[in-house]
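Asks: One file: entry18.txt (compact mmCIF, C-alpha atoms).
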```txt
# COMPACT_ATOMS: atom_id res chain seq x y z
CA MET A 1 -194.47 50.04 -0.03
CA GLU A 2 -195.45 46.45 -0.53
CA GLN A 3 -192.39 44.27 -0.87
CA PRO A 4 -192.08 41.49 -3.46
CA GLU A 5 -193.03 38.08 -2.16
CA GLY A 6 -190.24 36.54 -0.11
CA GLN A 7 -188.51 39.86 0.48
CA ALA A 8 -188.34 41.32 3.97
CA ALA A 9 -188.86 45.03 4.46
CA GLY A 10 -185.80 47.11 5.31
CA PRO A 11 -184.86 47.81 8.94
CA GLY A 12 -185.69 51.53 8.74
CA LEU A 13 -184.42 54.69 7.10
CA GLY A 14 -180.70 55.37 7.14
CA PHE A 15 -179.13 58.82 6.91
CA GLY A 16 -175.75 59.88 5.60
CA VAL A 17 -173.89 63.03 4.54
CA PHE A 18 -173.31 63.71 0.86
CA PHE A 19 -170.91 66.24 -0.68
CA PHE A 20 -171.42 67.33 -4.26
CA ALA A 21 -171.02 70.98 -5.14
CA ALA A 22 -168.85 73.26 -2.97
CA VAL A 23 -169.46 76.16 -5.34
CA GLY A 24 -168.89 79.09 -3.02
CA ALA A 25 -165.71 78.36 -1.09
CA SER A 26 -162.00 77.99 -1.65
CA ALA A 27 -160.61 74.47 -1.94
CA ALA A 28 -159.04 74.72 1.52
CA GLU A 29 -162.37 75.79 3.05
CA THR A 30 -164.19 73.03 1.18
CA TYR A 31 -161.90 70.32 2.54
CA ARG A 32 -162.02 71.76 6.04
CA LEU A 33 -165.83 71.61 5.97
CA MET A 34 -165.75 68.09 4.52
CA LEU A 35 -163.57 66.84 7.36
CA ASP A 36 -165.54 68.72 10.02
CA CYS A 37 -168.78 67.23 8.66
CA ALA A 38 -167.22 63.77 8.55
CA ARG A 39 -166.20 64.06 12.20
CA GLY A 40 -169.68 65.32 13.06
CA ALA A 41 -171.38 62.51 11.13
CA ASP A 42 -169.20 59.97 12.92
CA ARG A 43 -169.99 61.47 16.33
CA LEU A 44 -173.72 61.76 15.63
CA GLY A 45 -174.04 58.18 14.40
CA PHE A 46 -174.85 58.78 10.73
CA GLY A 47 -174.42 55.82 8.42
CA PHE A 48 -172.02 57.15 5.79
CA VAL A 49 -170.17 60.07 4.28
CA SER A 50 -170.02 60.27 0.48
CA THR A 51 -167.84 62.35 -1.85
CA PRO A 52 -168.20 62.59 -5.65
CA GLU A 53 -166.05 62.54 -8.75
CA ARG A 54 -166.36 65.79 -10.71
CA HIS A 55 -164.02 67.50 -13.17
CA PHE A 56 -163.14 70.77 -14.89
CA HIS A 57 -165.81 73.09 -13.51
CA ARG A 58 -166.33 75.09 -10.33
CA PHE A 59 -169.51 73.08 -9.73
CA GLY A 60 -167.94 70.29 -7.70
CA GLY A 61 -164.48 70.81 -9.13
CA ALA A 62 -162.93 70.49 -5.67
CA PHE A 63 -163.72 66.75 -5.85
CA PRO A 64 -161.87 65.23 -8.83
CA ASN A 65 -160.82 62.06 -7.00
CA PRO A 66 -163.11 60.35 -4.46
CA ALA A 67 -160.38 57.92 -3.48
CA VAL A 68 -158.31 60.83 -2.13
CA THR A 69 -161.21 62.38 -0.23
CA SER A 70 -162.23 58.95 1.06
CA ALA A 71 -158.73 58.37 2.42
CA ALA A 72 -158.84 61.73 4.19
CA ILE A 73 -162.22 60.87 5.74
CA ALA A 74 -160.91 57.48 6.83
CA ALA A 75 -158.19 59.23 8.81
CA VAL A 76 -160.63 61.32 10.89
CA THR A 77 -163.51 58.85 11.47
CA GLU A 78 -164.03 55.52 13.16
CA ARG A 79 -167.54 54.29 12.38
CA VAL A 80 -169.17 55.80 9.27
CA GLN A 81 -169.05 53.99 5.96
CA ILE A 82 -166.92 55.93 3.48
CA ARG A 83 -168.49 56.06 0.03
CA ALA A 84 -167.60 57.36 -3.38
CA GLY A 85 -170.63 58.62 -5.23
CA SER A 86 -169.91 58.19 -8.05
CA VAL A 87 -166.74 56.77 -9.57
CA ILE A 88 -166.99 57.21 -13.35
CA THR A 89 -165.37 53.89 -14.14
CA PRO A 90 -165.21 54.24 -17.97
CA MET A 91 -162.70 57.07 -17.49
CA HIS A 92 -160.28 54.96 -15.42
CA PRO A 93 -158.42 51.64 -15.55
CA VAL A 94 -160.50 49.27 -13.44
CA ILE A 95 -157.47 47.82 -11.73
CA ARG A 96 -156.52 51.29 -10.47
CA VAL A 97 -160.04 51.79 -9.06
CA VAL A 98 -159.68 48.50 -7.19
CA GLU A 99 -156.22 49.42 -5.86
CA ASP A 100 -157.38 52.83 -4.68
CA PHE A 101 -160.47 51.66 -2.82
CA ALA A 102 -158.81 48.53 -1.46
CA MET A 103 -156.37 50.95 0.14
CA VAL A 104 -159.21 53.01 1.63
CA ASP A 105 -160.88 49.81 2.82
CA ALA A 106 -157.69 48.62 4.47
CA MET A 107 -156.91 51.90 6.23
CA SER A 108 -160.51 52.30 7.43
CA GLY A 109 -160.96 48.75 8.71
CA GLY A 110 -163.42 47.68 6.00
CA ARG A 111 -165.55 50.83 5.65
CA ALA A 112 -165.07 51.62 1.93
CA ALA A 113 -167.90 51.46 -0.60
CA MET A 114 -168.64 53.08 -3.94
CA SER A 115 -171.32 53.99 -6.40
CA VAL A 116 -170.33 53.73 -10.03
CA GLY A 117 -171.60 55.75 -12.96
CA SER A 118 -171.15 55.84 -16.71
CA GLY A 119 -170.62 59.60 -16.94
CA TRP A 120 -172.57 62.14 -19.00
CA ASN A 121 -170.38 65.18 -19.67
CA VAL A 122 -168.47 64.72 -22.92
CA ASN A 123 -165.79 67.17 -21.79
CA ASP A 124 -164.92 64.99 -18.79
CA PHE A 125 -163.86 62.29 -21.21
CA VAL A 126 -160.68 64.11 -22.16
CA LEU A 127 -159.42 61.66 -19.51
CA ALA A 128 -160.45 58.75 -21.75
CA PRO A 129 -161.49 60.04 -25.19
CA GLY A 130 -162.21 56.62 -26.64
CA ALA A 131 -164.58 55.56 -23.87
CA PHE A 132 -167.45 58.01 -24.26
CA GLU A 133 -169.58 56.22 -26.85
CA THR A 134 -169.35 52.83 -25.12
CA ARG A 135 -169.45 54.16 -21.55
CA ARG A 136 -172.72 52.49 -20.48
CA GLN A 137 -171.67 48.99 -21.46
CA ARG A 138 -168.19 49.65 -20.11
CA MET A 139 -169.66 50.52 -16.70
CA ILE A 140 -171.56 47.22 -16.61
CA ASP A 141 -168.42 45.31 -17.53
CA ASP A 142 -166.44 47.26 -14.93
CA ILE A 143 -168.78 46.16 -12.14
CA GLY A 144 -168.01 42.51 -12.81
CA ALA A 145 -164.29 43.21 -13.10
CA ILE A 146 -164.23 45.19 -9.83
CA ARG A 147 -166.01 42.42 -7.97
CA GLU A 148 -163.73 39.68 -9.28
CA ALA A 149 -160.48 41.57 -8.67
CA TRP A 150 -161.62 42.62 -5.19
CA ARG A 151 -162.63 39.10 -4.24
CA THR A 152 -159.70 37.18 -5.74
CA GLY A 153 -156.88 39.70 -5.40
CA GLY A 154 -155.78 38.90 -8.93
CA TRP A 155 -155.74 40.70 -12.28
CA LYS A 156 -155.04 39.47 -15.80
CA GLY A 157 -153.90 42.02 -18.34
CA GLU A 158 -151.61 42.83 -21.22
CA ASN A 159 -148.29 44.56 -20.63
CA PRO A 160 -146.62 46.96 -23.12
CA ARG A 161 -144.92 44.01 -24.88
CA GLY A 162 -148.27 42.44 -25.70
CA GLU A 163 -147.78 39.67 -23.15
CA GLN A 164 -150.65 38.42 -20.99
CA VAL A 165 -149.64 38.64 -17.34
CA GLU A 166 -151.28 37.65 -14.06
CA LEU A 167 -150.74 40.10 -11.21
CA ARG A 168 -151.51 40.20 -7.51
CA ILE A 169 -153.31 43.25 -6.15
CA PHE A 170 -152.07 45.06 -3.05
CA PRO A 171 -153.10 46.10 -0.52
CA ARG A 172 -155.76 43.52 0.13
CA PRO A 173 -159.08 44.99 1.30
CA VAL A 174 -160.62 44.05 4.62
CA SER A 175 -164.11 43.55 3.14
CA ALA A 176 -164.66 40.23 1.38
CA GLU A 177 -166.89 41.86 -1.26
CA PRO A 178 -167.16 45.49 -2.38
CA GLU A 179 -170.52 47.11 -1.61
CA LEU A 180 -171.54 48.76 -4.88
CA TRP A 181 -174.25 51.15 -6.03
CA ILE A 182 -175.20 52.21 -9.56
CA THR A 183 -176.12 55.85 -9.93
CA ALA A 184 -179.54 56.12 -11.61
CA SER A 185 -181.89 58.99 -12.34
CA ARG A 186 -184.64 59.12 -14.94
CA SER A 187 -184.19 55.81 -16.78
CA PRO A 188 -186.28 52.85 -15.51
CA GLU A 189 -183.90 50.58 -17.42
CA THR A 190 -181.00 51.63 -15.19
CA PHE A 191 -183.03 50.61 -12.12
CA ARG A 192 -183.80 47.23 -13.70
CA GLN A 193 -180.17 46.82 -14.70
CA ALA A 194 -178.97 47.52 -11.16
CA GLY A 195 -181.45 44.98 -9.83
CA ALA A 196 -180.33 42.28 -12.25
CA LEU A 197 -176.66 42.95 -11.43
CA GLY A 198 -177.34 42.84 -7.68
CA THR A 199 -176.02 46.32 -6.94
CA ASN A 200 -177.64 48.96 -4.78
CA VAL A 201 -179.06 52.14 -6.34
CA LEU A 202 -178.12 55.78 -5.74
CA THR A 203 -180.77 58.14 -7.11
CA HIS A 204 -182.24 61.60 -6.53
CA LEU A 205 -185.38 63.73 -6.96
CA GLU A 206 -184.02 66.25 -9.44
CA ASN A 207 -186.19 64.97 -12.30
CA GLN A 208 -188.65 62.65 -10.60
CA ASP A 209 -191.14 62.86 -7.76
CA PRO A 210 -191.64 60.31 -4.96
CA GLU A 211 -194.48 58.63 -6.89
CA ALA A 212 -192.33 58.04 -9.97
CA LEU A 213 -189.52 56.88 -7.71
CA ARG A 214 -191.84 54.35 -6.07
CA GLU A 215 -192.52 52.77 -9.47
CA LYS A 216 -188.84 52.56 -10.34
CA ILE A 217 -187.97 51.07 -6.98
CA GLY A 218 -190.62 48.44 -7.61
CA MET A 219 -188.96 47.61 -10.95
CA TYR A 220 -185.59 47.44 -9.23
CA ARG A 221 -186.75 45.08 -6.51
CA GLU A 222 -188.57 42.85 -8.97
CA ALA A 223 -185.41 42.61 -11.10
CA ARG A 224 -183.39 41.68 -8.01
CA ARG A 225 -185.92 39.04 -7.03
CA ALA A 226 -185.94 37.56 -10.54
CA ALA A 227 -182.13 37.36 -10.49
CA GLY A 228 -182.10 35.62 -7.09
CA HIS A 229 -180.80 38.58 -5.08
CA ASP A 230 -182.10 40.01 -1.79
CA ARG A 231 -184.05 43.28 -1.71
CA GLY A 232 -181.01 45.55 -2.10
CA LYS A 233 -180.65 49.12 -0.96
CA VAL A 234 -182.02 52.32 -2.49
CA THR A 235 -180.28 55.54 -1.47
CA VAL A 236 -181.93 58.86 -2.37
CA MET A 237 -179.85 62.02 -2.51
CA MET A 238 -181.68 65.07 -1.09
CA HIS A 239 -180.63 68.69 -0.71
CA THR A 240 -180.67 69.22 3.03
CA TYR A 241 -180.73 72.07 5.48
CA VAL A 242 -182.63 71.65 8.74
CA GLY A 243 -183.41 74.86 10.60
CA GLU A 244 -185.07 75.80 13.85
CA THR A 245 -188.24 76.64 11.89
CA ASP A 246 -189.38 76.31 8.29
CA GLU A 247 -188.91 80.04 7.82
CA ALA A 248 -185.39 80.04 9.28
CA ALA A 249 -184.39 77.06 7.12
CA ARG A 250 -185.67 78.70 3.95
CA ALA A 251 -183.98 82.00 4.76
CA VAL A 252 -180.63 80.20 4.72
CA ALA A 253 -181.26 77.56 2.07
CA VAL A 254 -183.17 79.37 -0.69
CA PRO A 255 -180.48 81.91 -1.69
CA ALA A 256 -177.80 79.22 -1.48
CA LEU A 257 -179.90 76.77 -3.48
CA LYS A 258 -180.50 79.34 -6.20
CA ARG A 259 -176.75 79.98 -6.54
CA TYR A 260 -176.15 76.23 -6.59
CA LEU A 261 -178.71 75.72 -9.37
CA LEU A 262 -177.35 78.55 -11.48
CA THR A 263 -173.90 77.00 -11.32
CA ALA A 264 -175.30 73.56 -12.18
CA ILE A 265 -177.13 75.05 -15.17
CA ASP A 266 -173.88 76.64 -16.33
CA LEU A 267 -172.18 73.24 -16.23
CA GLU A 268 -175.01 71.60 -18.16
CA SER A 269 -175.02 74.37 -20.74
CA ALA A 270 -171.29 73.92 -21.35
CA ALA A 271 -171.71 70.16 -21.69
CA VAL A 272 -174.61 70.49 -24.14
CA SER A 273 -172.70 73.04 -26.20
CA ALA A 274 -169.85 70.55 -26.49
CA GLY A 275 -172.20 67.94 -27.92
CA GLY A 276 -172.87 65.90 -24.78
CA GLY A 277 -174.58 66.22 -21.46
CA MET A 278 -177.91 65.30 -19.96
CA SER A 279 -180.12 67.49 -22.17
CA GLY A 280 -178.51 67.20 -25.59
CA GLY A 281 -179.84 68.46 -28.89
CA ARG A 282 -180.13 71.88 -30.49
CA GLU A 283 -183.14 72.81 -28.36
CA GLY A 284 -181.04 72.47 -25.21
CA ARG A 285 -178.36 74.80 -26.54
CA ASP A 286 -180.83 77.53 -27.56
CA PHE A 287 -182.81 77.36 -24.34
CA MET A 288 -179.83 77.40 -22.03
CA SER A 289 -178.04 80.32 -23.72
CA ALA A 290 -180.04 83.25 -22.28
CA GLU A 291 -179.39 84.59 -18.78
CA ASP A 292 -183.08 85.13 -18.11
CA ALA A 293 -183.78 81.52 -19.02
CA ARG A 294 -181.10 80.40 -16.56
CA ALA A 295 -182.57 82.54 -13.80
CA ARG A 296 -186.06 81.21 -14.53
CA LEU A 297 -184.82 77.63 -14.45
CA ALA A 298 -183.15 78.25 -11.10
CA GLU A 299 -186.33 79.79 -9.71
CA LEU A 300 -188.41 76.83 -10.89
CA GLY A 301 -185.85 74.45 -9.44
CA VAL A 302 -185.94 76.13 -6.04
CA ASN A 303 -189.73 75.98 -5.95
CA ARG A 304 -189.67 72.31 -6.88
CA TYR A 305 -187.21 71.45 -4.12
CA LEU A 306 -189.31 73.29 -1.56
CA ASP A 307 -192.39 71.31 -2.62
CA GLY A 308 -191.49 68.13 -0.74
CA ASN A 309 -188.43 67.18 -2.81
CA SER A 310 -185.77 68.22 -0.31
CA LEU A 311 -185.02 68.15 3.39
CA ILE A 312 -185.26 71.92 3.77
CA GLY A 313 -187.31 72.98 6.75
CA SER A 314 -187.81 72.39 10.44
CA VAL A 315 -187.17 69.05 12.13
CA GLY A 316 -190.87 68.22 11.93
CA THR A 317 -191.22 69.14 8.26
CA CYS A 318 -188.11 67.22 7.26
CA ALA A 319 -189.15 64.17 9.28
CA ALA A 320 -192.50 64.11 7.45
CA THR A 321 -190.69 64.31 4.08
CA ALA A 322 -188.30 61.55 5.10
CA ARG A 323 -191.21 59.29 6.05
CA ARG A 324 -192.78 59.83 2.61
CA LEU A 325 -189.53 58.75 0.97
CA MET A 326 -189.41 55.66 3.18
CA GLU A 327 -192.98 54.83 2.15
CA SER A 328 -191.84 55.08 -1.49
CA GLY A 329 -189.31 52.35 -0.81
CA ALA A 330 -186.15 54.32 0.01
CA ASP A 331 -183.74 52.71 2.46
CA GLU A 332 -181.39 55.66 2.95
CA LEU A 333 -181.23 59.40 2.45
CA ALA A 334 -177.94 60.87 1.25
CA CYS A 335 -178.17 64.41 2.62
CA LEU A 336 -176.41 66.89 0.35
CA VAL A 337 -175.30 69.64 2.70
CA ASP A 338 -172.57 71.64 0.99
CA PHE A 339 -174.79 73.87 -1.18
CA VAL A 340 -175.14 76.07 1.94
CA ASP A 341 -172.34 78.63 2.02
CA GLU A 342 -171.60 79.18 5.70
CA PRO A 343 -169.74 76.29 7.38
CA ARG A 344 -171.20 77.01 10.83
CA GLN A 345 -174.71 76.81 9.42
CA VAL A 346 -173.91 73.50 7.70
CA LEU A 347 -172.60 72.00 10.93
CA ASP A 348 -175.52 73.30 13.00
CA GLY A 349 -177.90 71.86 10.41
CA LEU A 350 -176.16 68.50 10.82
CA GLU A 351 -177.03 68.49 14.52
CA ARG A 352 -180.70 69.10 13.70
CA LEU A 353 -180.57 66.46 10.96
CA ALA A 354 -179.73 63.94 13.68
CA GLU A 355 -182.97 64.98 15.37
CA VAL A 356 -184.83 64.28 12.11
CA ARG A 357 -183.29 60.81 11.95
CA ASP A 358 -184.23 60.07 15.54
CA ARG A 359 -187.80 61.28 15.05
CA VAL A 360 -188.26 59.11 11.94
CA ALA A 361 -186.95 56.09 13.86
CA ARG A 362 -189.60 56.36 16.60
```
Using the file provided, produce a representation of the structure as structure tokens.
Replies:
Amino acid sequence: MEQPEGQAAGPGLGFGVFFFAAVGASAAETYRLMLDCARGADRLGFGFVSTPERHFHRFGGAFPNPAVTSAAIAAVTERVQIRAGSVITPMHPVIRVVEDFAMVDAMSGGRAAMSVGSGWNVNDFVLAPGAFETRRQRMIDDIGAIREAWRTGGWKGENPRGEQVELRIFPRPVSAEPELWITASRSPETFRQAGALGTNVLTHLENQDPEALREKIGMYREARRAAGHDRGKVTVMMHTYVGETDEAARAVAVPALKRYLLTAIDLESAAVSAGGGMSGGREGRDFMSAEDARARLAELGVNRYLDGNSLIGSVGTCAATARRLMESGADELACLVDFVDEPRQVLDGLERLAEVRDRVAR
């Protein structure tokens, strides 16, 4: 991809491990796999390990607090960056977000980072009922507040007596500035907004193809240039299972991916029925109510992922897909691995993913 004038191209394509779903295991098994993958990612030289914030549903419900999972990962790794992807800041006091991740940064020697999001599921906002309608603007405001509190170590707020107080934040992080991403998907405006704010971008291919992504990355980099920032970093989440052959990879990944998608559809259906969610509207509720419609959606989703929108295949196939994403302007791939049910298969796939990374780097 042609870079805006005055912007250097990125150094290559980074790879990291991304947790998101954990739909088929007990909580204890989920955390055991998370820590085993974190150790493996550290040993194999991957760039980061990321854990999400999800609530009140078996789709990702093992991950309600990325600060807790980040602290656990910090304890078993030495090199990888430890990311939250994403912290839904409108549901939390900003000062608490800063305290939590300053603690992770301190215990990990400066390896904490986070992506922030505005949230989409109305039911999640039982944690902050008054924040749902203003969540997008709140997220933007939160980014500035996080940066200032992180950098200065100070916070101004009102105590229960209505008095304005100035407080010091402890522990102090090791990093001088927090490395931040904004989670973006289908909206070009979110990409522009991230560019203007000088954050990185975390995105995915669930509702866009590499060509559409290329256009949005161009908008993002132009917005960064106009605001006086460097080129930034675009991280693309991809469902990932690397097998010995394409056939072997699909034999493992396709059934697991179908179960994953059915569970995701169930979550979306519940959110839409509650009056929120990513689809919205009466049409979404009618369409998502029938079991055959759910199964058809899952089937279509699987086919779409296998058509160049995932890292599911042999080392050679996945390397070719990764190169296409790099040509679209991606700087990193966040490899979502925990949709596969069997821990041994996930860990073996991680070893082959390192081969993909090395092949792309040649």
Asks: Do you know which residues are at most 12 Å from Glu215 in chain A counting only C-alpha atoms, after dropping those on the same chain fewer than 6 positions away, and could you put them as a compact mmCIF listing (two decimals) with C-alpha atoms, in the frame of the given file?
Replies:
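Result went into around36.txt, see below:
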```
# COMPACT_ATOMS: atom_id res chain seq x y z
CA MET A 1 -194.47 50.04 -0.03
CA GLU A 2 -195.45 46.45 -0.53
CA ARG A 186 -184.64 59.12 -14.94
CA SER A 187 -184.19 55.81 -16.78
CA PRO A 188 -186.28 52.85 -15.51
CA GLU A 189 -183.90 50.58 -17.42
CA PHE A 191 -183.03 50.61 -12.12
CA ARG A 192 -183.80 47.23 -13.70
CA GLN A 208 -188.65 62.65 -10.60
CA ASP A 209 -191.14 62.86 -7.76
CA ARG A 221 -186.75 45.08 -6.51
CA GLU A 222 -188.57 42.85 -8.97
CA GLU A 327 -192.98 54.83 2.15
CA SER A 328 -191.84 55.08 -1.49
CA GLY A 329 -189.31 52.35 -0.81
CA ALA A 330 -186.15 54.32 0.01
```
Asks: Looking at A:Val98, A:Ala249, A:Val17, A:Ala212, which one is nearest to Arg151 in chain A, with distances taken over all atoms listed in the file?
Replies: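 Under the stated criterion, the closest residue is A:Val98.
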Asks: Let me make sure I understand: among A:Thr152, A:Leu13, A:Val116, A:Ile217, which one has the smallest atom-to-atom distance to Val356 in chain A if we use only C-alpha atoms?
Replies: A:Leu13
Asks: Nearest to Val242 in chain A among A:Ile82, A:Val346, A:Val49, A:Met107, with distances taken over only C-alpha atoms: which residue is it?
Replies: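 Among the listed residues, A:Val346 lies closest to Val242 in chain A.
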Asks: For each of A:Thr240, A:Ser115, A:Thr235, A:Gln137, take the minimum atom-to-atom distance to Glu179 in chain A, counting all atoms listed in the file, then give the residue where this is smallest.
Replies: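 Residue with the minimum atom-to-atom distance to Glu179 in chain A: A:Ser115.
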Asks: Between CA of Arg168 in chain A and CA of Met91 in chain A, what is the distance in Å, rounded to a tenth?
Replies: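 Separation of CA of Arg168 in chain A and CA of Met91 in chain A: 22.6 Å.
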Asks: Between CA of Ala334 in chain A and CA of Gly16 in chain A, what is the distance in Å, rounded to a tenth?
Replies: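 Going from CA of Ala334 in chain A over to CA of Gly16 in chain A covers 5.0 Å.
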Asks: Can you tell me how far CA of Asp338 in chain A sits from CA of Arg359 in chain A, in Å to one decimal?
Replies: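 Calculated distance between CA of Asp338 in chain A and CA of Arg359 in chain A is 23.2 Å.
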Asks: For range 71-88 of chain A, take all atoms listed in the file, fit an axis-aligned box around them, add 5 Å to each of the six sides, then output centre and edge lengths in Å rounded to one decimal, as JSON.
Replies:
```
{"center_x": -164.4, "center_y": 57.9, "center_z": -0.1, "size_x": 22.4, "size_y": 17.7, "size_z": 36.5}
```
Asks: Tell me which protein, DNA and RNA residues are within 12 Å of Ala248 in chain A, counting only C-alpha atoms, leaving out same-chain ones fewer than 4 positions away, and put them as an MDAnalysis selection string.
Replies: chainID A and resid 241:244 252:254 312:315 345 349
Asks: Using the structure just given, write a file holding N, CA and C atoms for range 228-254 of chain A, as a PDB file, in the first residue's frame.
Replies:
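Below is the file decode-v7.pdb, written as the result:
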```
ATOM      1  N   GLY A 228      -0.796  15.582  12.417  1.00  0.00           N
ATOM      2  CA  GLY A 228       0.602  15.698  12.812  1.00  0.00           C
ATOM      3  C   GLY A 228       1.174  14.483  13.502  1.00  0.00           C
ATOM      4  N   HIS A 229       0.486  13.329  13.378  1.00  0.00           N
ATOM      5  CA  HIS A 229       0.967  12.102  14.007  1.00  0.00           C
ATOM      6  C   HIS A 229       1.774  11.274  13.008  1.00  0.00           C
ATOM      7  N   ASP A 230       2.511  10.268  13.518  1.00  0.00           N
ATOM      8  CA  ASP A 230       3.192   9.321  12.637  1.00  0.00           C
ATOM      9  C   ASP A 230       2.161   8.359  12.045  1.00  0.00           C
ATOM     10  N   ARG A 231       2.617   7.308  11.367  1.00  0.00           N
ATOM     11  CA  ARG A 231       1.712   6.462  10.599  1.00  0.00           C
ATOM     12  C   ARG A 231       0.786   5.610  11.461  1.00  0.00           C
ATOM     13  N   GLY A 232       1.127   5.377  12.725  1.00  0.00           N
ATOM     14  CA  GLY A 232       0.292   4.565  13.586  1.00  0.00           C
ATOM     15  C   GLY A 232       0.411   3.091  13.291  1.00  0.00           C
ATOM     16  N   LYS A 233      -0.446   2.322  13.939  1.00  0.00           N
ATOM     17  CA  LYS A 233      -0.392   0.870  13.845  1.00  0.00           C
ATOM     18  C   LYS A 233      -1.804   0.324  13.662  1.00  0.00           C
ATOM     19  N   VAL A 234      -1.974  -0.536  12.665  1.00  0.00           N
ATOM     20  CA  VAL A 234      -3.256  -1.186  12.414  1.00  0.00           C
ATOM     21  C   VAL A 234      -3.106  -2.672  12.711  1.00  0.00           C
ATOM     22  N   THR A 235      -3.900  -3.158  13.650  1.00  0.00           N
ATOM     23  CA  THR A 235      -3.878  -4.552  14.066  1.00  0.00           C
ATOM     24  C   THR A 235      -5.174  -5.206  13.614  1.00  0.00           C
ATOM     25  N   VAL A 236      -5.074  -6.319  12.888  1.00  0.00           N
ATOM     26  CA  VAL A 236      -6.245  -7.006  12.347  1.00  0.00           C
ATOM     27  C   VAL A 236      -6.416  -8.344  13.050  1.00  0.00           C
ATOM     28  N   MET A 237      -7.561  -8.516  13.698  1.00  0.00           N
ATOM     29  CA  MET A 237      -7.869  -9.785  14.344  1.00  0.00           C
ATOM     30  C   MET A 237      -8.290 -10.802  13.289  1.00  0.00           C
ATOM     31  N   MET A 238      -7.726 -12.031  13.358  1.00  0.00           N
ATOM     32  CA  MET A 238      -8.061 -13.087  12.418  1.00  0.00           C
ATOM     33  C   MET A 238      -8.212 -14.418  13.145  1.00  0.00           C
ATOM     34  N   HIS A 239      -9.286 -15.140  12.841  1.00  0.00           N
ATOM     35  CA  HIS A 239      -9.443 -16.486  13.377  1.00  0.00           C
ATOM     36  C   HIS A 239      -8.331 -17.347  12.800  1.00  0.00           C
ATOM     37  N   THR A 240      -7.654 -18.096  13.673  1.00  0.00           N
ATOM     38  CA  THR A 240      -6.395 -18.719  13.281  1.00  0.00           C
ATOM     39  C   THR A 240      -6.303 -20.164  13.751  1.00  0.00           C
ATOM     40  N   TYR A 241      -6.044 -21.036  12.799  1.00  0.00           N
ATOM     41  CA  TYR A 241      -5.581 -22.386  13.117  1.00  0.00           C
ATOM     42  C   TYR A 241      -4.723 -22.852  11.950  1.00  0.00           C
ATOM     43  N   VAL A 242      -3.457 -23.082  12.215  1.00  0.00           N
ATOM     44  CA  VAL A 242      -2.512 -23.503  11.189  1.00  0.00           C
ATOM     45  C   VAL A 242      -2.278 -25.002  11.338  1.00  0.00           C
ATOM     46  N   GLY A 243      -2.563 -25.755  10.275  1.00  0.00           N
ATOM     47  CA  GLY A 243      -2.399 -27.193  10.299  1.00  0.00           C
ATOM     48  C   GLY A 243      -1.251 -27.651   9.422  1.00  0.00           C
ATOM     49  N   GLU A 244      -1.017 -28.945   9.431  1.00  0.00           N
ATOM     50  CA  GLU A 244       0.029 -29.516   8.575  1.00  0.00           C
ATOM     51  C   GLU A 244      -0.314 -29.335   7.100  1.00  0.00           C
ATOM     52  N   THR A 245      -1.602 -29.447   6.776  1.00  0.00           N
ATOM     53  CA  THR A 245      -2.090 -29.234   5.413  1.00  0.00           C
ATOM     54  C   THR A 245      -3.372 -28.416   5.498  1.00  0.00           C
ATOM     55  N   ASP A 246      -3.832 -27.922   4.345  1.00  0.00           N
ATOM     56  CA  ASP A 246      -5.110 -27.210   4.333  1.00  0.00           C
ATOM     57  C   ASP A 246      -6.237 -28.116   4.804  1.00  0.00           C
ATOM     58  N   GLU A 247      -6.225 -29.353   4.351  1.00  0.00           N
ATOM     59  CA  GLU A 247      -7.288 -30.291   4.716  1.00  0.00           C
ATOM     60  C   GLU A 247      -7.282 -30.584   6.209  1.00  0.00           C
ATOM     61  N   ALA A 248      -6.100 -30.788   6.778  1.00  0.00           N
ATOM     62  CA  ALA A 248      -6.001 -31.071   8.213  1.00  0.00           C
ATOM     63  C   ALA A 248      -6.447 -29.866   9.036  1.00  0.00           C
ATOM     64  N   ALA A 249      -6.097 -28.669   8.592  1.00  0.00           N
ATOM     65  CA  ALA A 249      -6.501 -27.458   9.311  1.00  0.00           C
ATOM     66  C   ALA A 249      -8.013 -27.302   9.289  1.00  0.00           C
ATOM     67  N   ARG A 250      -8.620 -27.524   8.137  1.00  0.00           N
ATOM     68  CA  ARG A 250     -10.067 -27.359   8.031  1.00  0.00           C
ATOM     69  C   ARG A 250     -10.818 -28.440   8.809  1.00  0.00           C
ATOM     70  N   ALA A 251     -10.275 -29.623   8.861  1.00  0.00           N
ATOM     71  CA  ALA A 251     -10.922 -30.699   9.627  1.00  0.00           C
ATOM     72  C   ALA A 251     -11.047 -30.334  11.099  1.00  0.00           C
ATOM     73  N   VAL A 252     -10.058 -29.637  11.627  1.00  0.00           N
ATOM     74  CA  VAL A 252     -10.098 -29.188  13.020  1.00  0.00           C
ATOM     75  C   VAL A 252     -10.910 -27.913  13.170  1.00  0.00           C
ATOM     76  N   ALA A 253     -10.665 -26.942  12.286  1.00  0.00           N
ATOM     77  CA  ALA A 253     -11.185 -25.594  12.495  1.00  0.00           C
ATOM     78  C   ALA A 253     -12.646 -25.435  12.121  1.00  0.00           C
ATOM     79  N   VAL A 254     -13.114 -26.093  11.059  1.00  0.00           N
ATOM     80  CA  VAL A 254     -14.472 -25.832  10.571  1.00  0.00           C
ATOM     81  C   VAL A 254     -15.551 -26.193  11.594  1.00  0.00           C
TER      82      VAL A 254
END
```
